[in-house]
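Below: target_13.cif (mmCIF, N, CA and C atoms, pLDDT in the B column; chains and numbers go by the auth columns)
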data_input
loop_
_atom_site.group_PDB
_atom_site.id
_atom_site.type_symbol
_atom_site.label_atom_id
_atom_site.label_comp_id
_atom_site.label_asym_id
_atom_site.label_seq_id
_atom_site.Cartn_x
_atom_site.Cartn_y
_atom_site.Cartn_z
_atom_site.B_iso_or_equiv
_atom_site.auth_seq_id
_atom_site.auth_asym_id
ATOM 1 N N MET A 1 0.851 -1.178 0.000 86.00 327 A
ATOM 2 C CA MET A 1 0.000 0.000 0.000 86.00 327 A
ATOM 3 C C MET A 1 0.898 1.242 0.000 86.00 327 A
ATOM 4 N N THR A 2 0.593 2.186 -0.875 92.00 328 A
ATOM 5 C CA THR A 2 1.403 3.400 -0.970 92.00 328 A
ATOM 6 C C THR A 2 1.059 4.367 0.160 92.00 328 A
ATOM 7 N N THR A 3 1.923 5.326 0.364 89.00 329 A
ATOM 8 C CA THR A 3 1.673 6.362 1.373 89.00 329 A
ATOM 9 C C THR A 3 0.372 7.091 1.069 89.00 329 A
ATOM 10 N N GLU A 4 0.147 7.372 -0.194 88.00 330 A
ATOM 11 C CA GLU A 4 -1.080 8.063 -0.595 88.00 330 A
ATOM 12 C C GLU A 4 -2.317 7.243 -0.241 88.00 330 A
ATOM 13 N N GLN A 5 -2.272 5.946 -0.470 89.00 331 A
ATOM 14 C CA GLN A 5 -3.408 5.080 -0.158 89.00 331 A
ATOM 15 C C GLN A 5 -3.647 5.007 1.350 89.00 331 A
ATOM 16 N N ILE A 6 -2.568 4.918 2.107 89.00 332 A
ATOM 17 C CA ILE A 6 -2.684 4.873 3.570 89.00 332 A
ATOM 18 C C ILE A 6 -3.310 6.162 4.084 89.00 332 A
ATOM 19 N N LEU A 7 -2.804 7.282 3.587 87.00 333 A
ATOM 20 C CA LEU A 7 -3.330 8.581 4.008 87.00 333 A
ATOM 21 C C LEU A 7 -4.810 8.713 3.662 87.00 333 A
ATOM 22 N N LEU A 8 -5.171 8.345 2.449 88.00 334 A
ATOM 23 C CA LEU A 8 -6.558 8.450 2.016 88.00 334 A
ATOM 24 C C LEU A 8 -7.469 7.550 2.851 88.00 334 A
ATOM 25 N N GLU A 9 -7.014 6.349 3.152 92.00 335 A
ATOM 26 C CA GLU A 9 -7.809 5.425 3.967 92.00 335 A
ATOM 27 C C GLU A 9 -8.040 5.998 5.368 92.00 335 A
ATOM 28 N N LYS A 10 -6.991 6.529 5.965 91.00 336 A
ATOM 29 C CA LYS A 10 -7.118 7.118 7.306 91.00 336 A
ATOM 30 C C LYS A 10 -8.004 8.359 7.268 91.00 336 A
ATOM 31 N N TRP A 11 -7.840 9.183 6.227 88.00 337 A
ATOM 32 C CA TRP A 11 -8.642 10.400 6.089 88.00 337 A
ATOM 33 C C TRP A 11 -10.121 10.060 5.969 88.00 337 A
ATOM 34 N N ARG A 12 -10.447 9.035 5.184 92.00 338 A
ATOM 35 C CA ARG A 12 -11.847 8.632 4.994 92.00 338 A
ATOM 36 C C ARG A 12 -12.487 8.131 6.280 92.00 338 A
ATOM 37 N N SER A 13 -11.690 7.629 7.215 94.00 339 A
ATOM 38 C CA SER A 13 -12.242 7.107 8.466 94.00 339 A
ATOM 39 C C SER A 13 -12.567 8.219 9.471 94.00 339 A
ATOM 40 N N LEU A 14 -12.155 9.445 9.167 89.00 340 A
ATOM 41 C CA LEU A 14 -12.399 10.577 10.068 89.00 340 A
ATOM 42 C C LEU A 14 -13.776 11.183 9.832 89.00 340 A
ATOM 43 N N PRO A 15 -14.359 11.812 10.871 90.00 341 A
ATOM 44 C CA PRO A 15 -15.604 12.565 10.663 90.00 341 A
ATOM 45 C C PRO A 15 -15.321 13.804 9.811 90.00 341 A
ATOM 46 N N PRO A 16 -16.361 14.365 9.178 87.00 342 A
ATOM 47 C CA PRO A 16 -16.164 15.497 8.260 87.00 342 A
ATOM 48 C C PRO A 16 -15.389 16.674 8.851 87.00 342 A
ATOM 49 N N ASP A 17 -15.629 17.020 10.108 89.00 343 A
ATOM 50 C CA ASP A 17 -14.919 18.168 10.682 89.00 343 A
ATOM 51 C C ASP A 17 -13.421 17.887 10.810 89.00 343 A
ATOM 52 N N LYS A 18 -13.069 16.650 11.126 88.00 344 A
ATOM 53 C CA LYS A 18 -11.649 16.287 11.222 88.00 344 A
ATOM 54 C C LYS A 18 -11.022 16.194 9.832 88.00 344 A
ATOM 55 N N GLN A 19 -11.796 15.755 8.835 88.00 345 A
ATOM 56 C CA GLN A 19 -11.294 15.746 7.462 88.00 345 A
ATOM 57 C C GLN A 19 -10.931 17.163 7.033 88.00 345 A
ATOM 58 N N GLN A 20 -11.784 18.135 7.393 89.00 346 A
ATOM 59 C CA GLN A 20 -11.507 19.527 7.037 89.00 346 A
ATOM 60 C C GLN A 20 -10.248 20.032 7.734 89.00 346 A
ATOM 61 N N GLU A 21 -10.039 19.601 8.990 88.00 347 A
ATOM 62 C CA GLU A 21 -8.820 19.996 9.699 88.00 347 A
ATOM 63 C C GLU A 21 -7.579 19.480 8.974 88.00 347 A
ATOM 64 N N VAL A 22 -7.667 18.253 8.442 87.00 348 A
ATOM 65 C CA VAL A 22 -6.542 17.691 7.687 87.00 348 A
ATOM 66 C C VAL A 22 -6.274 18.539 6.449 87.00 348 A
ATOM 67 N N VAL A 23 -7.338 18.895 5.732 87.00 349 A
ATOM 68 C CA VAL A 23 -7.195 19.734 4.535 87.00 349 A
ATOM 69 C C VAL A 23 -6.572 21.077 4.917 87.00 349 A
ATOM 70 N N ASP A 24 -7.074 21.684 5.988 86.00 350 A
ATOM 71 C CA ASP A 24 -6.533 22.969 6.449 86.00 350 A
ATOM 72 C C ASP A 24 -5.047 22.845 6.802 86.00 350 A
ATOM 73 N N PHE A 25 -4.697 21.745 7.465 87.00 351 A
ATOM 74 C CA PHE A 25 -3.307 21.550 7.866 87.00 351 A
ATOM 75 C C PHE A 25 -2.397 21.391 6.649 87.00 351 A
ATOM 76 N N VAL A 26 -2.858 20.642 5.653 85.00 352 A
ATOM 77 C CA VAL A 26 -2.067 20.472 4.430 85.00 352 A
ATOM 78 C C VAL A 26 -1.869 21.820 3.745 85.00 352 A
ATOM 79 N N GLU A 27 -2.932 22.636 3.687 84.00 353 A
ATOM 80 C CA GLU A 27 -2.810 23.973 3.097 84.00 353 A
ATOM 81 C C GLU A 27 -1.820 24.823 3.891 84.00 353 A
ATOM 82 N N PHE A 28 -1.879 24.699 5.212 83.00 354 A
ATOM 83 C CA PHE A 28 -0.934 25.423 6.068 83.00 354 A
ATOM 84 C C PHE A 28 0.503 25.015 5.739 83.00 354 A
ATOM 85 N N LEU A 29 0.741 23.708 5.606 82.00 355 A
ATOM 86 C CA LEU A 29 2.082 23.228 5.277 82.00 355 A
ATOM 87 C C LEU A 29 2.532 23.719 3.909 82.00 355 A
ATOM 88 N N GLN A 30 1.622 23.739 2.951 79.00 356 A
ATOM 89 C CA GLN A 30 1.969 24.230 1.621 79.00 356 A
ATOM 90 C C GLN A 30 2.352 25.701 1.671 79.00 356 A
ATOM 91 N N ASN A 31 1.594 26.494 2.384 76.00 357 A
ATOM 92 C CA ASN A 31 1.875 27.928 2.491 76.00 357 A
ATOM 93 C C ASN A 31 3.171 28.180 3.243 76.00 357 A
ATOM 94 N N ARG A 32 3.437 27.380 4.256 74.00 358 A
ATOM 95 C CA ARG A 32 4.649 27.526 5.047 74.00 358 A
ATOM 96 C C ARG A 32 5.874 27.145 4.230 74.00 358 A
ATOM 97 N N GLN A 33 5.700 26.208 3.322 61.00 359 A
ATOM 98 C CA GLN A 33 6.809 25.731 2.505 61.00 359 A
ATOM 99 C C GLN A 33 7.336 26.824 1.586 61.00 359 A
ATOM 100 N N SER A 34 6.448 27.609 0.988 57.00 360 A
ATOM 101 C CA SER A 34 6.892 28.666 0.075 57.00 360 A
ATOM 102 C C SER A 34 6.088 29.933 0.324 57.00 360 A
ATOM 103 N N PRO A 35 6.472 30.718 1.336 49.00 361 A
ATOM 104 C CA PRO A 35 5.691 31.905 1.686 49.00 361 A
ATOM 105 C C PRO A 35 5.619 32.946 0.577 49.00 361 A
ATOM 106 N N GLU A 36 6.600 32.982 -0.313 52.00 362 A
ATOM 107 C CA GLU A 36 6.561 33.965 -1.396 52.00 362 A
ATOM 108 C C GLU A 36 5.476 33.630 -2.409 52.00 362 A
ATOM 109 N N ALA A 37 5.104 32.365 -2.466 53.00 363 A
ATOM 110 C CA ALA A 37 4.131 31.916 -3.468 53.00 363 A
ATOM 111 C C ALA A 37 2.757 31.712 -2.847 53.00 363 A
ATOM 112 N N ILE A 38 2.406 32.554 -1.890 49.00 364 A
ATOM 113 C CA ILE A 38 1.095 32.434 -1.253 49.00 364 A
ATOM 114 C C ILE A 38 0.017 32.719 -2.281 49.00 364 A
ATOM 115 N N VAL A 39 -0.884 31.775 -2.400 50.00 365 A
ATOM 116 C CA VAL A 39 -1.992 31.956 -3.335 50.00 365 A
ATOM 117 C C VAL A 39 -3.071 32.745 -2.614 50.00 365 A
ATOM 118 N N ARG A 40 -3.475 33.848 -3.210 49.00 366 A
ATOM 119 C CA ARG A 40 -4.500 34.685 -2.603 49.00 366 A
ATOM 120 C C ARG A 40 -5.862 34.113 -2.953 49.00 366 A
ATOM 121 N N GLN A 41 -6.386 33.304 -2.035 50.00 367 A
ATOM 122 C CA GLN A 41 -7.651 32.632 -2.269 50.00 367 A
ATOM 123 C C GLN A 41 -8.781 33.650 -2.182 50.00 367 A
ATOM 124 N N ASP A 42 -9.714 33.442 -1.299 52.00 368 A
ATOM 125 C CA ASP A 42 -10.856 34.336 -1.153 52.00 368 A
ATOM 126 C C ASP A 42 -10.541 35.510 -0.235 52.00 368 A
ATOM 127 N N HIS A 43 -9.320 35.617 0.231 51.00 369 A
ATOM 128 C CA HIS A 43 -8.981 36.622 1.226 51.00 369 A
ATOM 129 C C HIS A 43 -8.737 37.987 0.598 51.00 369 A
ATOM 130 N N GLY A 44 -8.389 38.022 -0.671 66.00 370 A
ATOM 131 C CA GLY A 44 -8.272 39.272 -1.392 66.00 370 A
ATOM 132 C C GLY A 44 -7.023 40.082 -1.127 66.00 370 A
ATOM 133 N N SER A 45 -6.278 39.788 -0.083 81.00 371 A
ATOM 134 C CA SER A 45 -5.084 40.569 0.215 81.00 371 A
ATOM 135 C C SER A 45 -4.078 39.704 0.951 81.00 371 A
ATOM 136 N N LEU A 46 -2.853 40.171 0.990 84.00 372 A
ATOM 137 C CA LEU A 46 -1.815 39.459 1.725 84.00 372 A
ATOM 138 C C LEU A 46 -2.159 39.416 3.212 84.00 372 A
ATOM 139 N N LEU A 47 -2.673 40.520 3.757 87.00 373 A
ATOM 140 C CA LEU A 47 -3.063 40.551 5.165 87.00 373 A
ATOM 141 C C LEU A 47 -4.145 39.513 5.441 87.00 373 A
ATOM 142 N N GLY A 48 -5.151 39.441 4.571 84.00 374 A
ATOM 143 C CA GLY A 48 -6.220 38.453 4.745 84.00 374 A
ATOM 144 C C GLY A 48 -5.676 37.034 4.733 84.00 374 A
ATOM 145 N N THR A 49 -4.735 36.779 3.846 84.00 375 A
ATOM 146 C CA THR A 49 -4.117 35.457 3.761 84.00 375 A
ATOM 147 C C THR A 49 -3.343 35.148 5.036 84.00 375 A
ATOM 148 N N GLN A 50 -2.598 36.126 5.529 87.00 376 A
ATOM 149 C CA GLN A 50 -1.829 35.923 6.757 87.00 376 A
ATOM 150 C C GLN A 50 -2.751 35.685 7.950 87.00 376 A
ATOM 151 N N LEU A 51 -3.848 36.421 8.028 87.00 377 A
ATOM 152 C CA LEU A 51 -4.804 36.224 9.119 87.00 377 A
ATOM 153 C C LEU A 51 -5.435 34.839 9.045 87.00 377 A
ATOM 154 N N GLN A 52 -5.748 34.379 7.839 86.00 378 A
ATOM 155 C CA GLN A 52 -6.309 33.040 7.668 86.00 378 A
ATOM 156 C C GLN A 52 -5.303 31.978 8.106 86.00 378 A
ATOM 157 N N GLN A 53 -4.028 32.179 7.806 88.00 379 A
ATOM 158 C CA GLN A 53 -2.998 31.231 8.231 88.00 379 A
ATOM 159 C C GLN A 53 -2.897 31.183 9.749 88.00 379 A
ATOM 160 N N ILE A 54 -2.975 32.334 10.389 89.00 380 A
ATOM 161 C CA ILE A 54 -2.936 32.386 11.851 89.00 380 A
ATOM 162 C C ILE A 54 -4.127 31.638 12.426 89.00 380 A
ATOM 163 N N ARG A 55 -5.309 31.859 11.836 85.00 381 A
ATOM 164 C CA ARG A 55 -6.509 31.165 12.294 85.00 381 A
ATOM 165 C C ARG A 55 -6.337 29.655 12.149 85.00 381 A
ATOM 166 N N GLU A 56 -5.786 29.205 11.026 87.00 382 A
ATOM 167 C CA GLU A 56 -5.578 27.778 10.799 87.00 382 A
ATOM 168 C C GLU A 56 -4.619 27.196 11.831 87.00 382 A
ATOM 169 N N GLN A 57 -3.592 27.947 12.202 88.00 383 A
ATOM 170 C CA GLN A 57 -2.658 27.488 13.229 88.00 383 A
ATOM 171 C C GLN A 57 -3.377 27.328 14.563 88.00 383 A
ATOM 172 N N ILE A 58 -4.243 28.271 14.886 86.00 384 A
ATOM 173 C CA ILE A 58 -4.990 28.209 16.142 86.00 384 A
ATOM 174 C C ILE A 58 -5.922 27.007 16.135 86.00 384 A
ATOM 175 N N VAL A 59 -6.652 26.807 15.036 84.00 385 A
ATOM 176 C CA VAL A 59 -7.570 25.673 14.931 84.00 385 A
ATOM 177 C C VAL A 59 -6.798 24.366 15.041 84.00 385 A
ATOM 178 N N THR A 60 -5.672 24.268 14.348 87.00 386 A
ATOM 179 C CA THR A 60 -4.853 23.056 14.377 87.00 386 A
ATOM 180 C C THR A 60 -4.337 22.775 15.781 87.00 386 A
ATOM 181 N N SER A 61 -4.045 23.815 16.547 88.00 387 A
ATOM 182 C CA SER A 61 -3.524 23.635 17.900 88.00 387 A
ATOM 183 C C SER A 61 -4.589 23.135 18.867 88.00 387 A
ATOM 184 N N GLY A 62 -5.860 23.239 18.475 85.00 388 A
ATOM 185 C CA GLY A 62 -6.940 22.786 19.349 85.00 388 A
ATOM 186 C C GLY A 62 -7.481 23.865 20.264 85.00 388 A
ATOM 187 N N THR A 63 -6.939 25.054 20.189 81.00 389 A
ATOM 188 C CA THR A 63 -7.430 26.160 21.003 81.00 389 A
ATOM 189 C C THR A 63 -8.826 26.548 20.520 81.00 389 A
ATOM 190 N N PRO A 64 -9.810 26.589 21.426 81.00 390 A
ATOM 191 C CA PRO A 64 -11.161 26.947 20.980 81.00 390 A
ATOM 192 C C PRO A 64 -11.235 28.409 20.540 81.00 390 A
ATOM 193 N N LEU A 65 -11.996 28.639 19.476 81.00 391 A
ATOM 194 C CA LEU A 65 -12.199 30.001 18.990 81.00 391 A
ATOM 195 C C LEU A 65 -13.264 30.683 19.833 81.00 391 A
ATOM 196 N N LEU A 66 -13.248 32.001 19.871 82.00 392 A
ATOM 197 C CA LEU A 66 -14.238 32.752 20.635 82.00 392 A
ATOM 198 C C LEU A 66 -15.573 32.766 19.897 82.00 392 A
ATOM 199 N N SER A 67 -16.662 32.721 20.673 85.00 393 A
ATOM 200 C CA SER A 67 -17.988 32.879 20.083 85.00 393 A
ATOM 201 C C SER A 67 -18.208 34.365 19.794 85.00 393 A
ATOM 202 N N ASP A 68 -19.278 34.688 19.057 87.00 394 A
ATOM 203 C CA ASP A 68 -19.581 36.091 18.771 87.00 394 A
ATOM 204 C C ASP A 68 -19.766 36.877 20.064 87.00 394 A
ATOM 205 N N GLU A 69 -20.441 36.267 21.030 89.00 395 A
ATOM 206 C CA GLU A 69 -20.667 36.940 22.311 89.00 395 A
ATOM 207 C C GLU A 69 -19.344 37.190 23.040 89.00 395 A
ATOM 208 N N GLU A 70 -18.446 36.210 23.011 89.00 396 A
ATOM 209 C CA GLU A 70 -17.151 36.375 23.671 89.00 396 A
ATOM 210 C C GLU A 70 -16.310 37.462 22.998 89.00 396 A
ATOM 211 N N VAL A 71 -16.393 37.556 21.682 86.00 397 A
ATOM 212 C CA VAL A 71 -15.676 38.612 20.957 86.00 397 A
ATOM 213 C C VAL A 71 -16.223 39.976 21.358 86.00 397 A
ATOM 214 N N ASP A 72 -17.566 40.104 21.384 86.00 398 A
ATOM 215 C CA ASP A 72 -18.187 41.370 21.782 86.00 398 A
ATOM 216 C C ASP A 72 -17.783 41.758 23.200 86.00 398 A
ATOM 217 N N ARG A 73 -17.780 40.778 24.099 88.00 399 A
ATOM 218 C CA ARG A 73 -17.421 41.040 25.490 88.00 399 A
ATOM 219 C C ARG A 73 -15.967 41.502 25.591 88.00 399 A
ATOM 220 N N GLU A 74 -15.063 40.824 24.893 87.00 400 A
ATOM 221 C CA GLU A 74 -13.651 41.204 24.955 87.00 400 A
ATOM 222 C C GLU A 74 -13.424 42.601 24.394 87.00 400 A
ATOM 223 N N LEU A 75 -14.082 42.913 23.282 87.00 401 A
ATOM 224 C CA LEU A 75 -13.961 44.260 22.719 87.00 401 A
ATOM 225 C C LEU A 75 -14.445 45.312 23.709 87.00 401 A
ATOM 226 N N ALA A 76 -15.596 45.054 24.311 86.00 402 A
ATOM 227 C CA ALA A 76 -16.145 46.013 25.268 86.00 402 A
ATOM 228 C C ALA A 76 -15.223 46.173 26.474 86.00 402 A
ATOM 229 N N GLU A 77 -14.671 45.056 26.977 86.00 403 A
ATOM 230 C CA GLU A 77 -13.764 45.133 28.122 86.00 403 A
ATOM 231 C C GLU A 77 -12.522 45.955 27.785 86.00 403 A
ATOM 232 N N ARG A 78 -11.985 45.748 26.594 86.00 404 A
ATOM 233 C CA ARG A 78 -10.784 46.489 26.186 86.00 404 A
ATOM 234 C C ARG A 78 -11.078 47.975 26.019 86.00 404 A
ATOM 235 N N ARG A 79 -12.311 48.279 25.686 86.00 405 A
ATOM 236 C CA ARG A 79 -12.707 49.680 25.513 86.00 405 A
ATOM 237 C C ARG A 79 -13.250 50.274 26.809 86.00 405 A
ATOM 238 N N GLY A 80 -13.296 49.471 27.859 81.00 406 A
ATOM 239 C CA GLY A 80 -13.730 49.951 29.158 81.00 406 A
ATOM 240 C C GLY A 80 -15.227 50.097 29.314 81.00 406 A
ATOM 241 N N GLY A 81 -16.003 49.422 28.454 74.00 407 A
ATOM 242 C CA GLY A 81 -17.439 49.629 28.511 74.00 407 A
ATOM 243 C C GLY A 81 -18.278 48.419 28.834 74.00 407 A
ATOM 244 N N TYR A 82 -17.668 47.265 29.170 62.00 408 A
ATOM 245 C CA TYR A 82 -18.461 46.068 29.427 62.00 408 A
ATOM 246 C C TYR A 82 -18.918 46.041 30.871 62.00 408 A
ATOM 247 N N GLN A 83 -20.210 45.777 31.055 63.00 409 A
ATOM 248 C CA GLN A 83 -20.760 45.622 32.395 63.00 409 A
ATOM 249 C C GLN A 83 -21.668 44.410 32.388 63.00 409 A
ATOM 250 N N GLU A 84 -21.561 43.597 33.426 62.00 410 A
ATOM 251 C CA GLU A 84 -22.400 42.412 33.569 62.00 410 A
ATOM 252 C C GLU A 84 -23.828 42.851 33.860 62.00 410 A
ATOM 253 N N LEU A 85 -24.787 42.352 33.083 59.00 411 A
ATOM 254 C CA LEU A 85 -26.190 42.686 33.306 59.00 411 A
ATOM 255 C C LEU A 85 -26.800 41.681 34.262 59.00 411 A
ATOM 256 N N GLY A 86 -27.728 42.145 35.096 53.00 412 A
ATOM 257 C CA GLY A 86 -28.433 41.185 35.933 53.00 412 A
ATOM 258 C C GLY A 86 -28.264 41.473 37.324 53.00 412 A
#

As structure tokens, the full file:
Amino acid sequence: MTTEQILLEKWRSLPPDKQQEVVDFVEFLQNRQSPEAIVRQDHGSLLGTQLQQIREQIVTSGTPLLSDEEVDRELAERRGGYQELG
């Protein structure tokens, strides 16, 4: 069995969300391999591409992303305006 066949077999045994993580990780490795040849996908700019790469690193590390409410709360706290209701 070739490396490609082994990889494909293992990938197929994963749930869809884990399959996507594998795809994201491979894209991360490709981008890391040749940073000058970054393909500008849907991000439209080099900054957007760099931010997407950072996000992929965070997702790959297993660190949970913030929910919309958590983002709003953090922004308000940094601006000095968040107050707990209730």

- Query: Any idea what the distance is between CA of Arg338 (chain A) and CA of Ile380 (chain A)?
  - Reply: 26.3 Å

- Query: When DSSP works through the backbone of this structure, what residues of chain A end up as alpha helix (DSSP H), shown as a ChimeraX atom specification?
  - Reply: /A:329-338,342-359,372-387,394-404

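The coordinates place CA of Arg404 (chain A) at 24.8 Å from CA of Glu382 (chain A).
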
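The coordinates place CA of Phe354 (chain A) at 8.1 Å from atom C of Gln378 (chain A).
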
- Item | Residue members of the PyMOL selection byres (((chain A and resi 342-347 and name CA) around 12) and name CA) in the file shown, as number ranges by chain | A: 333-341, 348-354, 381-388
